[in-house]
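Pasting entry.pdb here (PDB, C-alpha atoms):
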```pdb
MODEL        1
ATOM      1  CA  MET F   1      20.211  65.672 -22.205
ATOM      2  CA  ARG F   2      23.679  65.090 -20.806
ATOM      3  CA  LEU F   3      26.264  67.648 -21.802
ATOM      4  CA  ARG F   4      29.637  65.989 -21.229
ATOM      5  CA  SER F   5      30.779  65.258 -24.789
ATOM      6  CA  TRP F   6      29.810  66.980 -28.051
ATOM      7  CA  LEU F   7      31.281  65.156 -31.069
ATOM      8  CA  PHE F   8      31.739  66.942 -34.398
ATOM      9  CA  VAL F   9      31.166  64.771 -37.478
ATOM     10  CA  PRO F  10      31.740  66.114 -41.018
ATOM     11  CA  GLY F  11      28.433  66.366 -42.832
ATOM     12  CA  ASP F  12      29.935  65.295 -46.165
ATOM     13  CA  ALA F  13      31.434  61.996 -44.955
ATOM     14  CA  PRO F  14      28.848  59.175 -45.064
ATOM     15  CA  ARG F  15      31.078  56.612 -43.348
ATOM     16  CA  LYS F  16      31.814  58.949 -40.463
ATOM     17  CA  LEU F  17      28.127  59.796 -40.162
ATOM     18  CA  ASP F  18      27.273  56.102 -39.958
ATOM     19  CA  LYS F  19      29.825  55.595 -37.176
ATOM     20  CA  ALA F  20      28.531  58.533 -35.123
ATOM     21  CA  ASP F  21      25.801  56.454 -33.467
ATOM     22  CA  GLY F  22      28.313  54.188 -31.784
ATOM     23  CA  ALA F  23      30.732  56.824 -30.556
ATOM     24  CA  GLY F  24      29.109  57.193 -27.138
ATOM     25  CA  ALA F  25      28.947  60.979 -27.309
ATOM     26  CA  ASP F  26      26.245  62.722 -25.341
ATOM     27  CA  VAL F  27      25.567  64.946 -28.357
ATOM     28  CA  VAL F  28      26.578  64.481 -32.005
ATOM     29  CA  ILE F  29      27.099  67.612 -34.108
ATOM     30  CA  LEU F  30      26.656  67.091 -37.844
ATOM     31  CA  ASP F  31      28.855  69.769 -39.375
ATOM     32  CA  LEU F  32      27.983  71.837 -42.421
ATOM     33  CA  GLU F  33      30.506  74.592 -41.746
ATOM     34  CA  ASP F  34      34.289  74.354 -41.352
ATOM     35  CA  SER F  35      34.758  70.664 -42.171
ATOM     36  CA  VAL F  36      32.881  70.967 -45.487
ATOM     37  CA  ALA F  37      34.466  72.591 -48.534
ATOM     38  CA  GLU F  38      32.515  75.282 -50.352
ATOM     39  CA  ALA F  39      31.751  73.117 -53.352
ATOM     40  CA  GLY F  40      30.546  70.261 -51.161
ATOM     41  CA  LYS F  41      28.002  72.151 -49.069
ATOM     42  CA  PRO F  42      24.883  71.299 -51.175
ATOM     43  CA  ASP F  43      25.687  67.576 -51.044
ATOM     44  CA  ALA F  44      26.465  67.806 -47.318
ATOM     45  CA  ARG F  45      23.054  69.364 -46.651
ATOM     46  CA  ARG F  46      21.377  66.460 -48.424
ATOM     47  CA  LEU F  47      23.459  63.851 -46.584
ATOM     48  CA  VAL F  48      22.792  65.430 -43.194
ATOM     49  CA  ALA F  49      19.063  65.748 -43.862
ATOM     50  CA  ASP F  50      18.914  62.093 -44.965
ATOM     51  CA  PHE F  51      20.868  61.021 -41.874
ATOM     52  CA  LEU F  52      18.505  62.918 -39.582
ATOM     53  CA  SER F  53      15.444  61.464 -41.308
ATOM     54  CA  SER F  54      16.790  57.918 -41.114
ATOM     55  CA  ARG F  55      17.139  58.283 -37.347
ATOM     56  CA  SER F  56      13.911  60.110 -36.649
ATOM     57  CA  ALA F  57      12.499  57.224 -34.573
ATOM     58  CA  THR F  58      15.563  56.150 -32.592
ATOM     59  CA  ARG F  59      18.591  58.293 -31.791
ATOM     60  CA  PRO F  60      21.264  57.036 -29.380
ATOM     61  CA  SER F  61      22.323  60.664 -28.902
ATOM     62  CA  PRO F  62      20.699  64.020 -29.647
ATOM     63  CA  LEU F  63      21.671  65.206 -33.120
ATOM     64  CA  PHE F  64      22.630  68.842 -33.633
ATOM     65  CA  VAL F  65      23.648  70.510 -36.890
ATOM     66  CA  ARG F  66      26.310  73.189 -37.117
ATOM     67  CA  ILE F  67      25.056  75.471 -39.845
ATOM     68  CA  ASN F  68      27.083  78.132 -41.624
ATOM     69  CA  PRO F  69      27.154  81.671 -40.157
ATOM     70  CA  LEU F  70      24.042  83.795 -40.444
ATOM     71  CA  SER F  71      26.193  86.517 -42.019
ATOM     72  CA  GLY F  72      26.979  84.309 -45.029
ATOM     73  CA  SER F  73      25.060  82.936 -47.978
ATOM     74  CA  HIS F  74      24.544  79.342 -46.796
ATOM     75  CA  ALA F  75      22.729  79.566 -43.467
ATOM     76  CA  LEU F  76      19.162  79.795 -44.765
ATOM     77  CA  ALA F  77      19.749  76.978 -47.233
ATOM     78  CA  ASP F  78      21.210  74.888 -44.405
ATOM     79  CA  LEU F  79      18.174  75.496 -42.216
ATOM     80  CA  ALA F  80      15.692  74.894 -45.018
ATOM     81  CA  ALA F  81      17.353  71.551 -45.742
ATOM     82  CA  VAL F  82      17.737  70.176 -42.226
ATOM     83  CA  VAL F  83      14.871  71.565 -40.133
ATOM     84  CA  PRO F  84      12.174  69.417 -41.841
ATOM     85  CA  ALA F  85      14.240  66.370 -40.826
ATOM     86  CA  GLY F  86      13.902  67.371 -37.175
ATOM     87  CA  PRO F  87      17.352  67.977 -35.666
ATOM     88  CA  ASP F  88      17.440  68.248 -31.898
ATOM     89  CA  GLY F  89      19.476  71.421 -32.061
ATOM     90  CA  ILE F  90      21.444  73.913 -34.125
ATOM     91  CA  VAL F  91      25.012  74.951 -33.371
ATOM     92  CA  LEU F  92      25.361  78.601 -34.372
ATOM     93  CA  PRO F  93      28.866  79.676 -35.440
ATOM     94  CA  LYS F  94      30.199  83.217 -35.389
ATOM     95  CA  PRO F  95      27.306  85.075 -33.719
ATOM     96  CA  ASP F  96      28.082  88.665 -32.800
ATOM     97  CA  GLY F  97      25.756  88.428 -29.797
ATOM     98  CA  ALA F  98      22.346  87.398 -28.567
ATOM     99  CA  HIS F  99      20.640  89.303 -31.380
ATOM    100  CA  ASP F 100      21.858  86.587 -33.758
ATOM    101  CA  VAL F 101      20.299  83.947 -31.514
ATOM    102  CA  VAL F 102      17.009  85.864 -31.620
ATOM    103  CA  ARG F 103      17.244  85.985 -35.412
ATOM    104  CA  LEU F 104      17.903  82.239 -35.595
ATOM    105  CA  ASP F 105      15.019  81.633 -33.190
ATOM    106  CA  HIS F 106      12.686  83.445 -35.590
ATOM    107  CA  TYR F 107      13.931  81.409 -38.564
ATOM    108  CA  LEU F 108      13.476  78.165 -36.638
ATOM    109  CA  ALA F 109       9.965  79.110 -35.544
ATOM    110  CA  ALA F 110       8.909  79.710 -39.146
ATOM    111  CA  LEU F 111      10.535  76.531 -40.430
ATOM    112  CA  GLU F 112       9.135  74.415 -37.589
ATOM    113  CA  ALA F 113       5.645  75.671 -38.409
ATOM    114  CA  SER F 114       6.139  74.966 -42.104
ATOM    115  CA  ALA F 115       7.391  71.431 -41.364
ATOM    116  CA  GLY F 116       4.645  70.659 -38.874
ATOM    117  CA  LEU F 117       7.096  70.361 -35.980
ATOM    118  CA  PRO F 118       6.227  71.439 -32.422
ATOM    119  CA  ALA F 119       7.074  75.086 -31.792
ATOM    120  CA  GLY F 120      10.325  75.506 -29.897
ATOM    121  CA  ARG F 121      11.410  71.901 -30.455
ATOM    122  CA  ILE F 122      14.869  72.712 -31.836
ATOM    123  CA  CYS F 123      17.391  74.163 -29.402
ATOM    124  CA  ILE F 124      20.456  76.351 -29.979
ATOM    125  CA  LEU F 125      24.096  76.238 -28.880
ATOM    126  CA  PRO F 126      26.076  79.350 -29.940
ATOM    127  CA  ILE F 127      29.840  79.306 -30.444
ATOM    128  CA  ALA F 128      29.892  82.667 -28.775
ATOM    129  CA  THR F 129      33.465  83.996 -29.162
ATOM    130  CA  GLU F 130      34.394  83.667 -32.832
ATOM    131  CA  THR F 131      34.172  87.327 -33.892
ATOM    132  CA  PRO F 132      35.849  90.386 -32.346
ATOM    133  CA  ARG F 133      32.492  92.017 -31.647
ATOM    134  CA  ALA F 134      31.299  88.899 -29.826
ATOM    135  CA  LEU F 135      33.723  89.500 -26.956
ATOM    136  CA  PHE F 136      31.859  92.691 -26.090
ATOM    137  CA  THR F 137      28.414  91.038 -26.047
ATOM    138  CA  LEU F 138      28.915  87.920 -23.953
ATOM    139  CA  ASP F 139      26.651  89.304 -21.238
ATOM    140  CA  SER F 140      23.737  89.533 -23.690
ATOM    141  CA  TYR F 141      22.481  85.939 -23.737
ATOM    142  CA  ARG F 142      20.231  85.956 -20.679
ATOM    143  CA  ASP F 143      16.609  85.528 -21.784
ATOM    144  CA  ALA F 144      17.631  85.717 -25.467
ATOM    145  CA  SER F 145      15.742  82.523 -26.285
ATOM    146  CA  ALA F 146      14.222  79.583 -24.442
ATOM    147  CA  ARG F 147      15.980  77.417 -27.032
ATOM    148  CA  LEU F 148      19.453  78.065 -25.567
ATOM    149  CA  VAL F 149      21.069  75.020 -23.936
ATOM    150  CA  GLY F 150      24.552  76.416 -23.314
ATOM    151  CA  LEU F 151      27.404  78.560 -24.594
ATOM    152  CA  THR F 152      30.665  77.384 -26.044
ATOM    153  CA  TRP F 153      33.731  79.134 -27.416
ATOM    154  CA  GLY F 154      36.305  78.677 -30.166
ATOM    155  CA  ALA F 155      40.044  79.257 -30.400
ATOM    156  CA  GLU F 156      40.536  79.353 -34.177
ATOM    157  CA  ASP F 157      38.353  81.946 -35.896
ATOM    158  CA  LEU F 158      38.840  84.815 -33.449
ATOM    159  CA  PRO F 159      42.662  84.963 -33.737
ATOM    160  CA  ALA F 160      42.337  84.802 -37.523
ATOM    161  CA  ALA F 161      39.767  87.606 -37.483
ATOM    162  CA  VAL F 162      42.106  89.991 -35.636
ATOM    163  CA  GLY F 163      45.118  89.081 -37.789
ATOM    164  CA  ALA F 164      47.001  86.972 -35.249
ATOM    165  CA  SER F 165      49.452  84.461 -36.696
ATOM    166  CA  THR F 166      48.693  81.835 -34.037
ATOM    167  CA  ASN F 167      46.343  81.131 -31.153
ATOM    168  CA  ARG F 168      49.194  79.934 -28.946
ATOM    169  CA  GLY F 169      51.882  81.640 -26.924
ATOM    170  CA  GLU F 170      55.556  80.709 -26.739
ATOM    171  CA  ASP F 171      54.816  78.400 -23.798
ATOM    172  CA  GLY F 172      52.316  76.416 -25.877
ATOM    173  CA  GLY F 173      49.324  77.718 -23.948
ATOM    174  CA  TYR F 174      46.561  79.823 -25.393
ATOM    175  CA  SER F 175      47.296  83.414 -26.359
ATOM    176  CA  ASP F 176      45.980  86.227 -24.189
ATOM    177  CA  LEU F 177      43.138  86.766 -26.667
ATOM    178  CA  CYS F 178      42.001  83.141 -26.437
ATOM    179  CA  ARG F 179      42.294  83.078 -22.655
ATOM    180  CA  LEU F 180      40.129  86.187 -22.535
ATOM    181  CA  ALA F 181      37.536  84.598 -24.843
ATOM    182  CA  ARG F 182      37.468  81.427 -22.738
ATOM    183  CA  THR F 183      37.041  83.370 -19.503
ATOM    184  CA  LEU F 184      34.296  85.567 -20.939
ATOM    185  CA  CYS F 185      32.457  82.490 -22.208
ATOM    186  CA  LEU F 186      32.494  81.059 -18.687
ATOM    187  CA  ALA F 187      31.279  84.317 -17.201
ATOM    188  CA  GLY F 188      28.691  84.934 -19.920
ATOM    189  CA  ALA F 189      27.239  81.451 -19.595
ATOM    190  CA  SER F 190      27.020  81.789 -15.825
ATOM    191  CA  ALA F 191      25.383  85.214 -16.106
ATOM    192  CA  ALA F 192      22.787  83.732 -18.461
ATOM    193  CA  GLY F 193      22.194  80.655 -16.314
ATOM    194  CA  LEU F 194      23.554  78.389 -19.062
ATOM    195  CA  PRO F 195      26.097  75.551 -18.960
ATOM    196  CA  PRO F 196      29.481  76.500 -20.468
ATOM    197  CA  ILE F 197      31.026  73.966 -22.863
ATOM    198  CA  GLU F 198      34.803  73.769 -23.346
ATOM    199  CA  THR F 199      36.225  73.973 -26.861
ATOM    200  CA  VAL F 200      38.025  71.189 -28.725
ATOM    201  CA  TYR F 201      41.490  69.762 -28.052
ATOM    202  CA  PRO F 202      42.820  69.383 -31.622
ATOM    203  CA  ALA F 203      45.602  66.813 -30.984
ATOM    204  CA  PHE F 204      43.244  63.834 -30.884
ATOM    205  CA  ARG F 205      46.038  61.249 -30.504
ATOM    206  CA  ASP F 206      47.481  63.024 -27.438
ATOM    207  CA  THR F 207      45.463  61.288 -24.737
ATOM    208  CA  ALA F 208      47.517  62.644 -21.853
ATOM    209  CA  GLY F 209      47.181  66.180 -23.170
ATOM    210  CA  LEU F 210      43.435  65.715 -23.625
ATOM    211  CA  GLU F 211      43.064  64.423 -20.073
ATOM    212  CA  ALA F 212      44.920  67.417 -18.671
ATOM    213  CA  TYR F 213      42.972  69.873 -20.816
ATOM    214  CA  ALA F 214      39.574  68.388 -19.976
ATOM    215  CA  THR F 215      40.445  68.169 -16.284
ATOM    216  CA  ARG F 216      41.383  71.836 -16.256
ATOM    217  CA  GLY F 217      38.151  72.688 -18.067
ATOM    218  CA  ARG F 218      36.016  70.881 -15.529
ATOM    219  CA  ARG F 219      37.968  72.431 -12.651
ATOM    220  CA  ASP F 220      37.378  75.908 -14.094
ATOM    221  CA  GLY F 221      33.634  75.397 -14.365
ATOM    222  CA  PHE F 222      32.891  73.938 -17.793
ATOM    223  CA  ARG F 223      30.120  71.337 -17.829
ATOM    224  CA  GLY F 224      31.254  69.466 -20.934
ATOM    225  CA  MET F 225      33.592  69.629 -23.920
ATOM    226  CA  MET F 226      33.657  69.481 -27.695
ATOM    227  CA  ALA F 227      35.398  66.545 -29.423
ATOM    228  CA  ILE F 228      36.768  66.248 -32.937
ATOM    229  CA  HIS F 229      37.384  62.482 -32.936
ATOM    230  CA  PRO F 230      35.481  59.514 -31.493
ATOM    231  CA  GLN F 231      38.611  58.435 -29.567
ATOM    232  CA  GLN F 232      38.273  61.559 -27.446
ATOM    233  CA  VAL F 233      34.735  60.802 -26.293
ATOM    234  CA  PRO F 234      35.442  58.189 -23.566
ATOM    235  CA  VAL F 235      38.107  60.416 -22.009
ATOM    236  CA  ILE F 236      35.824  63.453 -21.975
ATOM    237  CA  ASN F 237      32.889  61.457 -20.601
ATOM    238  CA  ALA F 238      35.000  60.051 -17.790
ATOM    239  CA  ILE F 239      36.451  63.401 -16.739
ATOM    240  CA  PHE F 240      33.140  65.251 -16.810
ATOM    241  CA  THR F 241      31.360  62.519 -14.815
ATOM    242  CA  PRO F 242      31.509  63.173 -11.050
ATOM    243  CA  THR F 243      33.091  60.371  -9.039
ATOM    244  CA  GLY F 244      31.279  58.501  -6.302
ATOM    245  CA  ARG F 245      33.438  60.210  -3.712
ATOM    246  CA  GLU F 246      32.560  63.650  -5.090
ATOM    247  CA  LEU F 247      28.864  62.815  -5.052
ATOM    248  CA  ASP F 248      28.982  61.481  -1.488
ATOM    249  CA  HIS F 249      30.720  64.643  -0.309
ATOM    250  CA  ALA F 250      28.186  66.846  -2.107
ATOM    251  CA  ARG F 251      25.272  64.959  -0.533
ATOM    252  CA  LYS F 252      26.790  65.419   2.926
ATOM    253  CA  VAL F 253      27.205  69.151   2.344
ATOM    254  CA  VAL F 254      23.601  69.538   1.196
ATOM    255  CA  ALA F 255      22.291  67.414   4.056
ATOM    256  CA  LEU F 256      24.130  69.462   6.679
ATOM    257  CA  PHE F 257      22.799  72.754   5.371
ATOM    258  CA  GLU F 258      19.274  71.395   4.982
ATOM    259  CA  ALA F 259      19.345  70.088   8.560
ATOM    260  CA  ASP F 260      19.739  73.662   9.797
ATOM    261  CA  PRO F 261      18.378  76.049   7.129
ATOM    262  CA  GLY F 262      19.333  79.158   9.057
ATOM    263  CA  VAL F 263      23.022  78.343   9.368
ATOM    264  CA  GLY F 264      25.646  80.130   7.277
ATOM    265  CA  THR F 265      28.526  77.694   7.756
ATOM    266  CA  VAL F 266      28.916  73.987   8.498
ATOM    267  CA  ALA F 267      31.876  71.838   9.506
ATOM    268  CA  ILE F 268      32.695  68.731   7.487
ATOM    269  CA  GLU F 269      35.865  66.648   7.371
ATOM    270  CA  GLY F 270      37.783  69.274   9.315
ATOM    271  CA  ARG F 271      36.791  72.167   7.040
ATOM    272  CA  MET F 272      34.386  75.047   7.443
ATOM    273  CA  LEU F 273      32.098  75.414   4.432
ATOM    274  CA  ASP F 274      29.779  78.298   3.625
ATOM    275  CA  LEU F 275      26.980  79.010   1.170
ATOM    276  CA  PRO F 276      29.125  79.044  -2.011
ATOM    277  CA  HIS F 277      30.114  75.465  -1.164
ATOM    278  CA  LEU F 278      26.436  74.566  -0.873
ATOM    279  CA  LYS F 279      25.828  76.056  -4.309
ATOM    280  CA  GLN F 280      28.730  74.016  -5.749
ATOM    281  CA  ALA F 281      27.421  70.824  -4.146
ATOM    282  CA  ARG F 282      23.929  71.305  -5.522
ATOM    283  CA  ALA F 283      25.290  72.061  -8.985
ATOM    284  CA  LEU F 284      27.399  68.898  -8.927
ATOM    285  CA  LEU F 285      24.436  66.748  -7.927
ATOM    286  CA  ALA F 286      22.227  68.361 -10.558
ATOM    287  CA  ALA F 287      24.794  67.783 -13.300
ATOM    288  CA  ALA F 288      25.303  64.159 -12.276
ATOM    289  CA  GLY F 289      21.765  62.900 -12.025
ATOM    290  CA  ASP F 290      18.270  64.082 -12.494
ATOM    291  CA  GLY F 291      19.541  67.592 -13.109
ATOM    292  CA  THR F 292      20.418  66.831 -16.698
ATOM    293  CA  THR F 293      19.519  69.626 -19.113
ATOM    294  CA  ALA F 294      16.246  69.042 -20.940
ATOM    295  CA  LEU F 295      15.658  69.753 -24.590
ATOM    296  CA  PRO F 296      13.106  72.500 -25.207
ATOM    297  CA  THR F 297       9.513  71.337 -25.364
ATOM    298  CA  ALA F 298       6.554  72.825 -27.117
ATOM    299  CA  PRO F 299       4.565  75.314 -25.044
TER     300      PRO F 299
ENDMDL
END
```

Written as structure tokens, that's how I'd like the structure from this file.
Amino acid sequence: MRLRSWLFVPGDAPRKLDKADGAGADVVILDLEDSVAEAGKPDARRLVADFLSSRSATRPSPLFVRINPLSGSHALADLAAVVPAGPDGIVLPKPDGAHDVVRLDHYLAALEASAGLPAGRICILPIATETPRALFTLDSYRDASARLVGLTWGAEDLPAAVGASTNRGEDGGYSDLCRLARTLCLAGASAAGLPPIETVYPAFRDTAGLEAYATRGRRDGFRGMMAIHPQQVPVINAIFTPTGRELDHARKVVALFEADPGVGTVAIEGRMLDLPHLKQARALLAAAGDGTTALPTAP
């Protein structure tokens, strides 16, 4: 599974659901949470389950479902409705830490068994920074569940939870709280051996701003990015796809180190490179080709 672009689609909008197949996103997230009004959640569950079932044989992209938070009254109903239709993954909003992933893992195991699905088939992507407590538990995700395929973060719910009036500073950049959440997501994902996924860029008509934001995300270590509109997908895919020049350089770095396994530094293009550069080169090659992240498989 490639991880470059993750497109949110409202679960209560049939026309948008029908267009999701052609968006070109690496992953499509059918949303039952923020984009669906309270009164519309039962109908959205039905629509999402029907959409999943109608694409059980052929799916251009993996289909995830963002359920409602486990702390609320909708999550179990969401899972009961969509798991029998076989989603590829669940996006978990507002977890306080890895213990919520473990809890969701247990729910999924029971529902998979009830639906006759292979155990461990459905994977999990937590939005790991949306509650104040979550910031203190971002080192907890290692070995939490074999279903985990990454960590992502959010810039909306956390500021609201602490009573902030905005998630932006006077310069237009993220507030200190959001910058902290973003940094901790990067560090927490790395500590857990998981790919970090950048959050959305809300101004979907601002292509230049999106390009700059996605470029900064990739530079900082994110492996992909959330999208809120199909128009954002081609930009995100392009930026998170390594160029031919980058791949050639990475192959040269790996080849030089492999030619002399005992060496600690190599010279290439007038620069001295050491083992961290080798690690970066291998990660780039893995992300670009046969190192794509696999969906969980049954034991």

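Closest to F:Pro242 among F:Ala227, F:Ala286, F:Gly116, F:Glu211 is F:Ala286, based on all atoms listed in the file.
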
- Task: Skip F:Ala267 itself and residues of its chain fewer than 5 positions away, then list as a ChimeraX atom specification all residues within 12 Å of it, counting all atoms listed in the file.
- Result: /F:252-257,272-274,277

- Message: Please determine, counting only C-alpha atoms, which residue among F:Gln231, F:Ser165, F:Thr215, F:Thr152 has the shortest atom-to-atom distance to F:Ala203.
- Response: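 The answer is F:Gln231, which sits nearest to F:Ala203.
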
- Item | Output check: residues returned by the PyMOL selection byres ((chain F and resi 110) around 12), as a PyMOL selection string | chain F and resi 76+79-80+83-84+103-109+111-122

- Quick one: which residues end up in the PyMOL selection byres ((chain F and resi 30) around 9) for this structure, as a list in words? Leu7, Phe8, Val9, Pro10, Gly11, Leu17, Val28, Ile29, Asp31, Leu32, Val48, Leu63, Phe64, Val65, Arg66 and Ile67 of chain F

- Task: Find the residues around F:Ser71 up to 12 Å (all atoms listed in the file counted), leave out those fewer than 6 positions away in its own chain, and share them as a PyMOL selection string.
- Result: chain F and resi 92-96+100+103-104+131

Could the residues in this selection be saved with C-alpha atoms as a PDB file, in the coordinates of the input?
```pdb
ATOM      1  CA  LEU F  92      25.361  78.601 -34.372  1.00  0.00           C
ATOM      2  CA  PRO F  93      28.866  79.676 -35.440  1.00  0.00           C
ATOM      3  CA  LYS F  94      30.199  83.217 -35.389  1.00  0.00           C
ATOM      4  CA  PRO F  95      27.306  85.075 -33.719  1.00  0.00           C
ATOM      5  CA  ASP F  96      28.082  88.665 -32.800  1.00  0.00           C
ATOM      6  CA  ASP F 100      21.858  86.587 -33.758  1.00  0.00           C
ATOM      7  CA  ARG F 103      17.244  85.985 -35.412  1.00  0.00           C
ATOM      8  CA  LEU F 104      17.903  82.239 -35.595  1.00  0.00           C
ATOM      9  CA  THR F 131      34.172  87.327 -33.892  1.00  0.00           C
TER      10      THR F 131
END
```

- Task: Might you pull out every residue within 10 Å of F:Asp26, with all atoms listed in the file counted and same-chain residues fewer than 6 positions away left off, and present them as a list in words?
- Result: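 Non-adjacent residues within range: Met1, Arg2, Leu3, Arg4, Ser5, Trp6, Leu7, Pro60, Ser61, Pro62, Leu63, Gly224, Val233 and Asn237 of chain F.
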
- So, counting all atoms listed in the file, which residue among F:Pro42, F:Pro126, F:Gly22, F:Pro234 is closest to F:Pro69?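 Answer, going by the shortest atom-to-atom distance: F:Pro126.
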
- Item | Residue members of the PyMOL selection byres ((chain F and resi 287) around 12) in the file shown, as a VMD selection string | chain F and resid 1 to 4 195 218 221 to 224 240 to 243 247 250 280 to 286 288 to 294

Draw an axis-aligned box tight on the listed atoms of stretch 85-98 of chain F, then pad every side by 6 Å and write out centre and edge lengths in Å to one decimal as lines of an AutoDock Vina configuration file.
```
center_x = 22.1
center_y = 77.5
center_z = -34.7
size_x = 28.3
size_y = 34.3
size_z = 24.3
```

- Between F:Ala208, F:Ala214, F:Met225, F:Val82, which one has atoms that come closest to F:Gly150, using all atoms listed in the file? F:Met225

- Using all atoms listed in the file, the residue out of F:Leu135, F:Leu275, F:Ala25, F:Val91 with shortest distance to F:Leu186 is F:Leu135

- Which residue, F:Ser175, F:Thr183, F:Ser35, F:Ser190, has the smallest gap to F:Arg142 when you use only C-alpha atoms?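 The shortest atom-to-atom distance to F:Arg142 comes from F:Ser190.
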
All heavy atoms are needed for stretch 154-160 of chain F; please write them out as a PDB file, in the frame of the given file.
```pdb
ATOM      1  N   GLY F 154      35.375  79.221 -29.193  1.00  0.00           N
ATOM      2  CA  GLY F 154      36.305  78.677 -30.166  1.00  0.00           C
ATOM      3  C   GLY F 154      37.633  79.406 -30.133  1.00  0.00           C
ATOM      4  O   GLY F 154      37.688  80.587 -29.802  1.00  0.00           O
ATOM      5  N   ALA F 155      38.692  78.694 -30.482  1.00  0.00           N
ATOM      6  CA  ALA F 155      40.044  79.257 -30.400  1.00  0.00           C
ATOM      7  C   ALA F 155      40.701  79.430 -31.758  1.00  0.00           C
ATOM      8  O   ALA F 155      41.905  79.694 -31.829  1.00  0.00           O
ATOM      9  CB  ALA F 155      40.931  78.364 -29.527  1.00  0.00           C
ATOM     10  N   GLU F 156      39.944  79.276 -32.837  1.00  0.00           N
ATOM     11  CA  GLU F 156      40.536  79.353 -34.177  1.00  0.00           C
ATOM     12  C   GLU F 156      40.117  80.614 -34.929  1.00  0.00           C
ATOM     13  O   GLU F 156      40.956  81.365 -35.424  1.00  0.00           O
ATOM     14  CB  GLU F 156      40.139  78.110 -34.983  1.00  0.00           C
ATOM     15  CG  GLU F 156      40.508  76.781 -34.339  1.00  0.00           C
ATOM     16  CD  GLU F 156      42.006  76.574 -34.214  1.00  0.00           C
ATOM     17  OE1 GLU F 156      42.763  77.175 -35.014  1.00  0.00           O
ATOM     18  OE2 GLU F 156      42.420  75.808 -33.326  1.00  0.00           O
ATOM     19  N   ASP F 157      38.839  80.862 -35.040  1.00  0.00           N
ATOM     20  CA  ASP F 157      38.353  81.946 -35.896  1.00  0.00           C
ATOM     21  C   ASP F 157      38.664  83.331 -35.341  1.00  0.00           C
ATOM     22  O   ASP F 157      38.951  84.258 -36.105  1.00  0.00           O
ATOM     23  CB  ASP F 157      36.845  81.801 -36.104  1.00  0.00           C
ATOM     24  CG  ASP F 157      36.504  80.604 -36.969  1.00  0.00           C
ATOM     25  OD1 ASP F 157      36.633  80.711 -38.197  1.00  0.00           O
ATOM     26  OD2 ASP F 157      36.130  79.559 -36.409  1.00  0.00           O
ATOM     27  N   LEU F 158      38.590  83.498 -34.033  1.00  0.00           N
ATOM     28  CA  LEU F 158      38.840  84.815 -33.449  1.00  0.00           C
ATOM     29  C   LEU F 158      40.268  85.297 -33.698  1.00  0.00           C
ATOM     30  O   LEU F 158      40.463  86.443 -34.147  1.00  0.00           O
ATOM     31  CB  LEU F 158      38.524  84.788 -31.954  1.00  0.00           C
ATOM     32  CG  LEU F 158      38.763  86.103 -31.201  1.00  0.00           C
ATOM     33  CD1 LEU F 158      37.876  87.220 -31.753  1.00  0.00           C
ATOM     34  CD2 LEU F 158      38.520  85.905 -29.708  1.00  0.00           C
ATOM     35  N   PRO F 159      41.304  84.493 -33.420  1.00  0.00           N
ATOM     36  CA  PRO F 159      42.662  84.963 -33.737  1.00  0.00           C
ATOM     37  C   PRO F 159      42.833  85.313 -35.213  1.00  0.00           C
ATOM     38  O   PRO F 159      43.483  86.311 -35.555  1.00  0.00           O
ATOM     39  CB  PRO F 159      43.552  83.784 -33.336  1.00  0.00           C
ATOM     40  CG  PRO F 159      42.773  83.077 -32.287  1.00  0.00           C
ATOM     41  CD  PRO F 159      41.338  83.202 -32.724  1.00  0.00           C
ATOM     42  N   ALA F 160      42.243  84.504 -36.095  1.00  0.00           N
ATOM     43  CA  ALA F 160      42.337  84.802 -37.523  1.00  0.00           C
ATOM     44  C   ALA F 160      41.646  86.118 -37.852  1.00  0.00           C
ATOM     45  O   ALA F 160      42.129  86.904 -38.685  1.00  0.00           O
ATOM     46  CB  ALA F 160      41.724  83.661 -38.330  1.00  0.00           C
TER      47      ALA F 160
END
```
